[in-house]
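> Encoded as structure tokens, here's the structure I'll be asking about.
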Amino acid sequence: MSLLFVAVSIFYIFAALGICAFALIRGGRDERAVAAGYLVAAAASWIAADIQNVRYHEPQYLVMMVDLCFLAFLLLIVQRSRRFWPLWVAAAHLVGTFTHVVRILQSSMLAEAYASVQPFWAFPMLLALAVGTFHNRSVANARN
């Protein structure tokens, strides 16, 4: 495992926990729902990856199932939300989820490419959640 991978993993954990905590504490209904769903999906993905134990050398079917469930949850939020940012979260997650399909259809895909591309989409999702939470706070402060 490379030092860069470890550094990015540590950064991701702190970013995910920090942004989700911010959204849970300071966000509105949509921000709290996405943050809670994100944390549940992240934990379920880690458990599913550990159960399947293929380490990106094969398609991660259990993780894909978790991703599909989270995608359905995000689409429900997009459907009922009056805000635009949940659409960005769902779109980024859709691309991340679709990498599983690419890995299934293209068995020659290198494990390193799969391992790099699939989790990458978590960062745009977290960015959209952070922006949505900041915007929600701005609107709430402007009303007061």
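Identifiers in the structure tokens: chain A, B, ... in order shown; residue index from 1 per chain; ligand index from 1 in order shown.
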Within 10 Å of Leu75 (chain A), counting only C-alpha atoms, which residues show up once you throw out same-chain ones fewer than 2 positions away? Write them as an mmCIF file with C-alpha atoms, in the first residue's frame, please.

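Wrote it out as result_2.cif, contents follow:
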data_model
loop_
_atom_site.group_PDB
_atom_site.id
_atom_site.type_symbol
_atom_site.label_atom_id
_atom_site.label_comp_id
_atom_site.auth_asym_id
_atom_site.auth_seq_id
_atom_site.Cartn_x
_atom_site.Cartn_y
_atom_site.Cartn_z
ATOM 1 C CA CYS A 69 -29.488 1.263 -2.359
ATOM 2 C CA PHE A 70 -27.814 4.561 -1.492
ATOM 3 C CA LEU A 71 -28.426 5.803 -5.043
ATOM 4 C CA ALA A 72 -32.139 5.022 -4.698
ATOM 5 C CA PHE A 73 -32.158 6.906 -1.375
ATOM 6 C CA ILE A 77 -34.158 13.108 -1.796
ATOM 7 C CA VAL A 78 -33.623 14.701 -5.220
ATOM 8 C CA GLN A 79 -37.273 14.130 -6.058
ATOM 9 C CA ARG A 80 -38.624 15.832 -2.937
ATOM 10 C CA SER A 81 -35.982 18.526 -2.479
ATOM 11 C CA PRO A 86 -28.725 16.904 -3.980
ATOM 12 C CA LEU A 87 -28.771 16.347 -7.740
ATOM 13 C CA VAL A 89 -24.548 14.301 -4.996
ATOM 14 C CA ALA A 90 -26.751 11.765 -6.796
ATOM 15 C CA ALA A 91 -24.963 12.371 -10.120
ATOM 16 C CA LEU A 94 -24.251 7.418 -10.049
#
> Would you compute the distance between CA of Cys20 (chain A) and CA of Ile51 (chain A)? Give it in Å to one decimal.
25.3 Å
> Skipping near chain neighbours, those fewer than 4 positions away, what residues fall within 9 Å of Tyr38 (chain A) using only C-alpha atoms, listed as a PDB file with N, CA and C atoms, in the first residue's frame?

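The resulting out_3.pdb:
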ATOM      1  N   ALA A  16     -14.874  13.194   5.398  1.00  0.00           N
ATOM      2  CA  ALA A  16     -16.219  12.617   5.441  1.00  0.00           C
ATOM      3  C   ALA A  16     -16.853  12.809   6.810  1.00  0.00           C
ATOM      4  N   CYS A  20     -19.926  15.450   7.236  1.00  0.00           N
ATOM      5  CA  CYS A  20     -21.189  14.835   7.660  1.00  0.00           C
ATOM      6  C   CYS A  20     -21.613  15.342   9.037  1.00  0.00           C
ATOM      7  N   ALA A  33     -30.357  14.331   6.057  1.00  0.00           N
ATOM      8  CA  ALA A  33     -30.699  13.034   5.455  1.00  0.00           C
ATOM      9  C   ALA A  33     -29.542  12.491   4.621  1.00  0.00           C
ATOM     10  N   VAL A  34     -28.943  13.340   3.800  1.00  0.00           N
ATOM     11  CA  VAL A  34     -27.824  12.881   2.963  1.00  0.00           C
ATOM     12  C   VAL A  34     -26.633  12.499   3.833  1.00  0.00           C
ATOM     13  N   ALA A  42     -21.406   4.347   3.827  1.00  0.00           N
ATOM     14  CA  ALA A  42     -19.952   4.162   3.945  1.00  0.00           C
ATOM     15  C   ALA A  42     -19.624   2.985   4.868  1.00  0.00           C
ATOM     16  N   ALA A  43     -20.291   2.927   5.999  1.00  0.00           N
ATOM     17  CA  ALA A  43     -20.054   1.809   6.927  1.00  0.00           C
ATOM     18  C   ALA A  43     -20.483   0.484   6.302  1.00  0.00           C
ATOM     19  N   PHE A  70     -28.067   3.164  -1.823  1.00  0.00           N
ATOM     20  CA  PHE A  70     -27.814   4.561  -1.492  1.00  0.00           C
ATOM     21  C   PHE A  70     -28.225   5.471  -2.651  1.00  0.00           C
TER      22      PHE A  70
END
> Please measure the separation of CA of Met65 (chain A) and CA of Ser45 (chain A), giving the value in Å to one decimal.
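Spanning CA of Met65 (chain A) to CA of Ser45 (chain A) is a straight-line distance of 8.9 Å.
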> Can you measure CA of Ala35 (chain A) to CA of Ala21 (chain A) for me? One decimal in Å is fine.
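CA of Ala21 (chain A) lies at a distance of 7.6 Å from CA of Ala35 (chain A).
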> Find the residues around Gly28 (chain A) up to 12 Å (only C-alpha atoms counted), leave out those fewer than 6 positions away in its own chain, and share them as a VMD selection string.
chain A and resid 22 34 to 35 81 to 83 129 to 130 132 to 140
> Excluding same-chain residues fewer than 2 positions from region 12-14 of chain A, what lies within 10 Å of it counting only C-alpha atoms, as a PDB file with C-alpha atoms, in the first residue's frame?

ATOM      1  CA  VAL A   6      -2.738   5.964   3.022  1.00  0.00           C
ATOM      2  CA  ALA A   7      -2.628   9.785   3.075  1.00  0.00           C
ATOM      3  CA  VAL A   8      -5.675  10.083   0.803  1.00  0.00           C
ATOM      4  CA  SER A   9      -7.538   7.500   2.910  1.00  0.00           C
ATOM      5  CA  ILE A  10      -6.840   9.400   6.126  1.00  0.00           C
ATOM      6  CA  ALA A  16     -16.219  12.617   5.441  1.00  0.00           C
ATOM      7  CA  LEU A  17     -16.674  12.658   9.201  1.00  0.00           C
ATOM      8  CA  GLY A  18     -16.201  16.425   9.425  1.00  0.00           C
ATOM      9  CA  ILE A  19     -18.536  17.332   6.574  1.00  0.00           C
ATOM     10  CA  CYS A  20     -21.189  14.835   7.660  1.00  0.00           C
ATOM     11  CA  PRO A 119     -13.957   5.689  -4.503  1.00  0.00           C
ATOM     12  CA  PHE A 120     -12.891   8.953  -6.217  1.00  0.00           C
ATOM     13  CA  ALA A 122     -16.947  10.327  -2.845  1.00  0.00           C
ATOM     14  CA  PHE A 123     -15.031  13.618  -2.894  1.00  0.00           C
ATOM     15  CA  LEU A 126     -18.839  15.476   0.016  1.00  0.00           C
TER      16      LEU A 126
END
> Between A:Thr97, A:Ser116, A:Ser107, A:Asn53, which residue has the minimum interatomic distance to Leu68 (chain A), considering only C-alpha atoms?
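Counting only C-alpha atoms, the residue closest to Leu68 (chain A) is A:Thr97.
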> Within 9 Å of Val63 (chain A), counting only C-alpha atoms, which residues show up once you throw out same-chain ones fewer than 3 positions away? Write them as a ChimeraX atom specification, please.
/A:44-49,52,59-60,66-68,100
